[in-house]
file structure-v4.pdb (PDB, C-alpha atoms, pLDDT in the B column)
MODEL        1
ATOM      1  CA  LEU A 291     -19.616   1.390   0.688  1.00 75.00           C
ATOM      2  CA  PRO A 292     -20.463   5.057   0.420  1.00 81.00           C
ATOM      3  CA  ASP A 293     -18.190   7.315  -1.596  1.00 82.00           C
ATOM      4  CA  GLU A 294     -18.233   9.688   1.378  1.00 87.00           C
ATOM      5  CA  LEU A 295     -15.711   7.456   3.171  1.00 86.00           C
ATOM      6  CA  GLY A 296     -13.149   9.563   1.338  1.00 89.00           C
ATOM      7  CA  ARG A 297     -14.004  12.475   3.616  1.00 93.00           C
ATOM      8  CA  LEU A 298     -12.458  10.608   6.556  1.00 94.00           C
ATOM      9  CA  THR A 299      -8.994  11.757   5.562  1.00 93.00           C
ATOM     10  CA  ASN A 300      -7.464  10.956   8.976  1.00 96.00           C
ATOM     11  CA  LEU A 301      -8.667   7.348   8.928  1.00 96.00           C
ATOM     12  CA  VAL A 302      -5.794   4.924   9.580  1.00 97.00           C
ATOM     13  CA  ASP A 303      -7.563   1.573  10.014  1.00 97.00           C
ATOM     14  CA  LEU A 304     -10.549   0.190   8.102  1.00 94.00           C
ATOM     15  CA  GLU A 305     -12.157  -3.228   8.452  1.00 92.00           C
ATOM     16  CA  ILE A 306     -14.856  -4.385   6.054  1.00 87.00           C
ATOM     17  CA  GLU A 307     -16.363  -7.742   6.952  1.00 85.00           C
ATOM     18  CA  HIS A 308     -19.240  -9.956   5.869  1.00 80.00           C
ATOM     19  CA  ASN A 309     -20.676  -7.598   3.284  1.00 71.00           C
ATOM     20  CA  LEU A 310     -20.780  -9.602   0.069  1.00 65.00           C
ATOM     21  CA  PHE A 311     -22.342  -6.783  -1.936  1.00 71.00           C
ATOM     22  CA  ILE A 312     -19.412  -4.342  -2.070  1.00 79.00           C
ATOM     23  CA  GLN A 313     -17.601  -5.737  -5.149  1.00 83.00           C
ATOM     24  CA  GLU A 314     -15.279  -2.706  -5.437  1.00 86.00           C
ATOM     25  CA  LEU A 315     -13.861   0.096  -3.355  1.00 90.00           C
ATOM     26  CA  PRO A 316     -15.495   3.445  -4.170  1.00 90.00           C
ATOM     27  CA  ASP A 317     -13.341   6.034  -5.936  1.00 92.00           C
ATOM     28  CA  GLY A 318     -13.903   8.424  -3.050  1.00 92.00           C
ATOM     29  CA  MET A 319     -11.571   6.263  -0.968  1.00 93.00           C
ATOM     30  CA  LYS A 320      -8.614   7.457  -3.083  1.00 94.00           C
ATOM     31  CA  SER A 321      -8.184  10.337  -0.648  1.00 94.00           C
ATOM     32  CA  LEU A 322      -7.488   8.055   2.336  1.00 95.00           C
ATOM     33  CA  LYS A 323      -3.768   8.811   2.132  1.00 94.00           C
ATOM     34  CA  LYS A 324      -3.189   8.100   5.842  1.00 97.00           C
ATOM     35  CA  LEU A 325      -4.738   4.619   5.756  1.00 97.00           C
ATOM     36  CA  GLU A 326      -2.259   2.182   7.278  1.00 98.00           C
ATOM     37  CA  ALA A 327      -4.363  -0.969   7.518  1.00 98.00           C
ATOM     38  CA  LEU A 328      -7.194  -2.417   5.445  1.00 95.00           C
ATOM     39  CA  ALA A 329      -8.910  -5.706   6.176  1.00 93.00           C
ATOM     40  CA  ALA A 330     -11.537  -6.923   3.728  1.00 89.00           C
ATOM     41  CA  LYS A 331     -12.914 -10.257   4.912  1.00 87.00           C
ATOM     42  CA  GLN A 332     -15.729 -11.795   2.908  1.00 83.00           C
ATOM     43  CA  ALA A 333     -16.491  -8.360   1.515  1.00 81.00           C
ATOM     44  CA  GLY A 334     -17.290  -9.534  -2.010  1.00 82.00           C
ATOM     45  CA  LEU A 335     -14.439  -7.585  -3.601  1.00 85.00           C
ATOM     46  CA  ARG A 336     -13.858  -8.585  -7.221  1.00 86.00           C
ATOM     47  CA  ALA A 337     -10.840  -6.350  -7.835  1.00 88.00           C
ATOM     48  CA  LEU A 338      -8.674  -3.742  -6.189  1.00 92.00           C
ATOM     49  CA  PRO A 339      -8.423  -0.403  -8.008  1.00 95.00           C
ATOM     50  CA  ASP A 340      -5.147   0.747  -9.535  1.00 95.00           C
ATOM     51  CA  TRP A 341      -5.283   3.908  -7.451  1.00 96.00           C
ATOM     52  CA  ILE A 342      -4.560   1.824  -4.329  1.00 95.00           C
ATOM     53  CA  GLY A 343      -0.891   2.436  -5.150  1.00 95.00           C
ATOM     54  CA  GLY A 344      -1.453   6.025  -4.038  1.00 95.00           C
ATOM     55  CA  TRP A 345      -1.940   4.897  -0.441  1.00 96.00           C
ATOM     56  CA  LYS A 346       1.625   5.648   0.638  1.00 96.00           C
ATOM     57  CA  ALA A 347       0.910   4.807   4.297  1.00 98.00           C
ATOM     58  CA  LEU A 348      -0.627   1.341   3.690  1.00 98.00           C
ATOM     59  CA  ARG A 349       1.439  -1.139   5.670  1.00 98.00           C
ATOM     60  CA  TRP A 350      -1.041  -3.942   6.349  1.00 97.00           C
ATOM     61  CA  LEU A 351      -3.505  -5.470   3.884  1.00 96.00           C
ATOM     62  CA  GLU A 352      -5.657  -8.508   4.546  1.00 95.00           C
ATOM     63  CA  LEU A 353      -7.965  -9.967   1.914  1.00 91.00           C
ATOM     64  CA  GLN A 354      -9.851 -13.080   3.005  1.00 88.00           C
ATOM     65  CA  GLY A 355     -12.707 -14.870   1.265  1.00 82.00           C
ATOM     66  CA  ASP A 356     -13.163 -12.357  -1.536  1.00 76.00           C
ATOM     67  CA  HIS A 357     -13.523 -12.912  -5.289  1.00 81.00           C
ATOM     68  CA  LEU A 358     -10.140 -11.493  -6.286  1.00 85.00           C
ATOM     69  CA  LYS A 359      -8.315 -13.137  -9.163  1.00 84.00           C
ATOM     70  CA  ALA A 360      -5.285 -10.837  -9.178  1.00 88.00           C
ATOM     71  CA  LEU A 361      -3.716  -7.896  -7.376  1.00 92.00           C
ATOM     72  CA  PRO A 362      -2.988  -4.650  -9.222  1.00 94.00           C
ATOM     73  CA  ASP A 363       0.643  -3.901 -10.089  1.00 96.00           C
ATOM     74  CA  SER A 364       0.275  -0.515  -8.403  1.00 96.00           C
ATOM     75  CA  LEU A 365       0.126  -2.294  -5.040  1.00 95.00           C
ATOM     76  CA  ALA A 366       3.926  -2.535  -5.247  1.00 96.00           C
ATOM     77  CA  LYS A 367       4.048   1.240  -4.629  1.00 96.00           C
ATOM     78  CA  CYS A 368       2.625   0.764  -1.127  1.00 96.00           C
ATOM     79  CA  PRO A 369       5.073   0.277   1.758  1.00 97.00           C
ATOM     80  CA  LEU A 370       3.390  -2.991   2.750  1.00 97.00           C
ATOM     81  CA  GLU A 371       4.868  -4.862   5.683  1.00 97.00           C
ATOM     82  CA  THR A 372       2.092  -7.451   5.899  1.00 97.00           C
ATOM     83  CA  LEU A 373      -0.002  -8.913   3.103  1.00 95.00           C
ATOM     84  CA  LYS A 374      -2.473 -11.695   3.896  1.00 93.00           C
ATOM     85  CA  VAL A 375      -4.482 -13.205   1.071  1.00 90.00           C
ATOM     86  CA  GLY A 376      -6.520 -16.345   1.522  1.00 86.00           C
ATOM     87  CA  GLY A 377      -9.691 -18.049   0.465  1.00 80.00           C
ATOM     88  CA  CYS A 378     -10.094 -15.833  -2.584  1.00 70.00           C
ATOM     89  CA  LYS A 379     -11.826 -17.366  -5.572  1.00 64.00           C
TER      90      LYS A 379
ENDMDL
END

call {"tool": "encode", "arguments": {"input": "structure-v4.pdb", "output": "structure tokens"}}
result
Amino acid sequence: LPDELGRLTNLVDLEIEHNLFIQELPDGMKSLKKLEALAAKQAGLRALPDWIGGWKALRWLELQGDHLKALPDSLAKCPLETLKVGGCK
């Protein structure tokens, strides 16, 4: 994913699917403070960054078929209403 995604500061919904080469979210995405929903399905993510806790609008997170072994503690700072995790290795 390009770091320039962070320039889309009004983005509220992002779906990343079937891209096994991502491995991590780029630091530029830190600025997506209005993001309410993130779906990463078979995106190849190996970890979520600690800065994800700064997404104060994130209400829905779906992680399916990724390579995650754990979720960062900072995720507890998000006002999540829905968390779906499945098929992660």

call {"tool": "resolve_selection", "arguments": {"input": "structure-v4.pdb", "expression": "the PyMOL selection byres ((chain A and resi 340-351) around 10)", "output": "VMD selection string"}}
result
chain A and resid 302 to 304 315 317 319 to 330 337 to 339 352 to 354 361 to 375

call {"tool": "atom_distance", "arguments": {"input": "structure-v4.pdb", "atom1": "atom CA of A:Gly355", "atom2": "atom CA of A:Glu305"}}
result
13.7 Å

call {"tool": "axis_aligned_box", "arguments": {"input": "structure-v4.pdb", "around": "stretch 336-347 of chain A", "padding_each_side": "8 Å", "output": "AutoDock Vina command-line options"}}
result
--center_x -6.1 --center_y -1.3 --center_z -2.6 --size_x 31.5 --size_y 30.6 --size_z 29.8

call {"tool": "closest_residue", "arguments": {"input": "structure-v4.pdb", "among": "A:Gly318, A:Gln313, A:His308, A:Arg336", "to": "A:Asp293", "atoms": "all atoms listed in the file"}}
result
A:Gly318

call {"tool": "atom_distance", "arguments": {"input": "structure-v4.pdb", "atom1": "atom CA of A:Leu291", "atom2": "atom CA of A:Gly377"}}
result
21.8 Å

call {"tool": "atom_distance", "arguments": {"input": "structure-v4.pdb", "atom1": "atom CA of A:Ile312", "atom2": "atom CA of A:Leu358"}}
result
12.4 Å

call {"tool": "build_atoms", "arguments": {"input": "structure-v4.pdb", "residues": "stretch 295-324 of chain A", "atoms": "N, CA and C atoms", "output": "short mmCIF file (atom, residue, chain, number, x, y, z; two decimals), in the frame of the given file"}}
result
data_model
loop_
_atom_site.label_atom_id
_atom_site.label_comp_id
_atom_site.auth_asym_id
_atom_site.auth_seq_id
_atom_site.Cartn_x
_atom_site.Cartn_y
_atom_site.Cartn_z
N LEU A 295 -16.81 7.94 2.33
CA LEU A 295 -15.71 7.46 3.17
C LEU A 295 -14.44 8.26 2.90
N GLY A 296 -14.31 8.77 1.71
CA GLY A 296 -13.15 9.56 1.34
C GLY A 296 -13.00 10.84 2.14
N ARG A 297 -14.06 11.27 2.78
CA ARG A 297 -14.00 12.48 3.62
C ARG A 297 -13.30 12.22 4.95
N LEU A 298 -13.12 10.96 5.30
CA LEU A 298 -12.46 10.61 6.56
C LEU A 298 -10.95 10.56 6.33
N THR A 299 -10.39 11.69 6.01
CA THR A 299 -8.99 11.76 5.56
C THR A 299 -7.98 11.40 6.64
N ASN A 300 -8.38 11.35 7.90
CA ASN A 300 -7.46 10.96 8.98
C ASN A 300 -7.62 9.49 9.36
N LEU A 301 -8.44 8.77 8.64
CA LEU A 301 -8.67 7.35 8.93
C LEU A 301 -7.38 6.56 8.72
N VAL A 302 -7.02 5.72 9.70
CA VAL A 302 -5.79 4.92 9.58
C VAL A 302 -6.07 3.42 9.54
N ASP A 303 -7.25 3.00 9.95
CA ASP A 303 -7.56 1.57 10.01
C ASP A 303 -9.01 1.36 9.56
N LEU A 304 -9.21 0.47 8.60
CA LEU A 304 -10.55 0.19 8.10
C LEU A 304 -10.74 -1.31 7.97
N GLU A 305 -11.80 -1.82 8.57
CA GLU A 305 -12.16 -3.23 8.45
C GLU A 305 -13.54 -3.34 7.81
N ILE A 306 -13.60 -4.13 6.76
CA ILE A 306 -14.86 -4.38 6.05
C ILE A 306 -15.08 -5.89 6.12
N GLU A 307 -16.14 -6.32 6.78
CA GLU A 307 -16.36 -7.74 6.95
C GLU A 307 -17.80 -8.13 6.66
N HIS A 308 -17.94 -9.31 6.08
CA HIS A 308 -19.24 -9.96 5.87
C HIS A 308 -20.25 -9.06 5.16
N ASN A 309 -19.80 -8.42 4.10
CA ASN A 309 -20.68 -7.60 3.28
C ASN A 309 -20.42 -7.99 1.83
N LEU A 310 -21.07 -9.02 1.37
CA LEU A 310 -20.78 -9.60 0.07
C LEU A 310 -21.25 -8.77 -1.11
N PHE A 311 -21.79 -7.59 -0.86
CA PHE A 311 -22.34 -6.78 -1.94
C PHE A 311 -21.45 -5.62 -2.36
N ILE A 312 -20.27 -5.49 -1.78
CA ILE A 312 -19.41 -4.34 -2.07
C ILE A 312 -18.86 -4.41 -3.49
N GLN A 313 -18.20 -5.47 -3.85
CA GLN A 313 -17.60 -5.74 -5.15
C GLN A 313 -16.40 -4.86 -5.48
N GLU A 314 -16.42 -3.58 -5.16
CA GLU A 314 -15.28 -2.71 -5.44
C GLU A 314 -15.21 -1.58 -4.41
N LEU A 315 -14.03 -1.05 -4.24
CA LEU A 315 -13.86 0.10 -3.36
C LEU A 315 -14.27 1.36 -4.11
N PRO A 316 -15.05 2.23 -3.47
CA PRO A 316 -15.50 3.44 -4.17
C PRO A 316 -14.33 4.40 -4.44
N ASP A 317 -14.40 5.10 -5.55
CA ASP A 317 -13.34 6.03 -5.94
C ASP A 317 -13.08 7.11 -4.88
N GLY A 318 -14.08 7.43 -4.09
CA GLY A 318 -13.90 8.42 -3.05
C GLY A 318 -12.84 8.03 -2.03
N MET A 319 -12.56 6.74 -1.94
CA MET A 319 -11.57 6.26 -0.97
C MET A 319 -10.13 6.58 -1.39
N LYS A 320 -9.95 7.06 -2.61
CA LYS A 320 -8.61 7.46 -3.08
C LYS A 320 -7.94 8.43 -2.13
N SER A 321 -8.73 9.27 -1.49
CA SER A 321 -8.18 10.34 -0.65
C SER A 321 -7.77 9.86 0.74
N LEU A 322 -7.88 8.58 1.02
CA LEU A 322 -7.49 8.06 2.34
C LEU A 322 -5.98 7.83 2.39
N LYS A 323 -5.23 8.87 2.24
CA LYS A 323 -3.77 8.81 2.13
C LYS A 323 -3.08 8.39 3.43
N LYS A 324 -3.78 8.49 4.56
CA LYS A 324 -3.19 8.10 5.84
C LYS A 324 -3.54 6.67 6.25
#
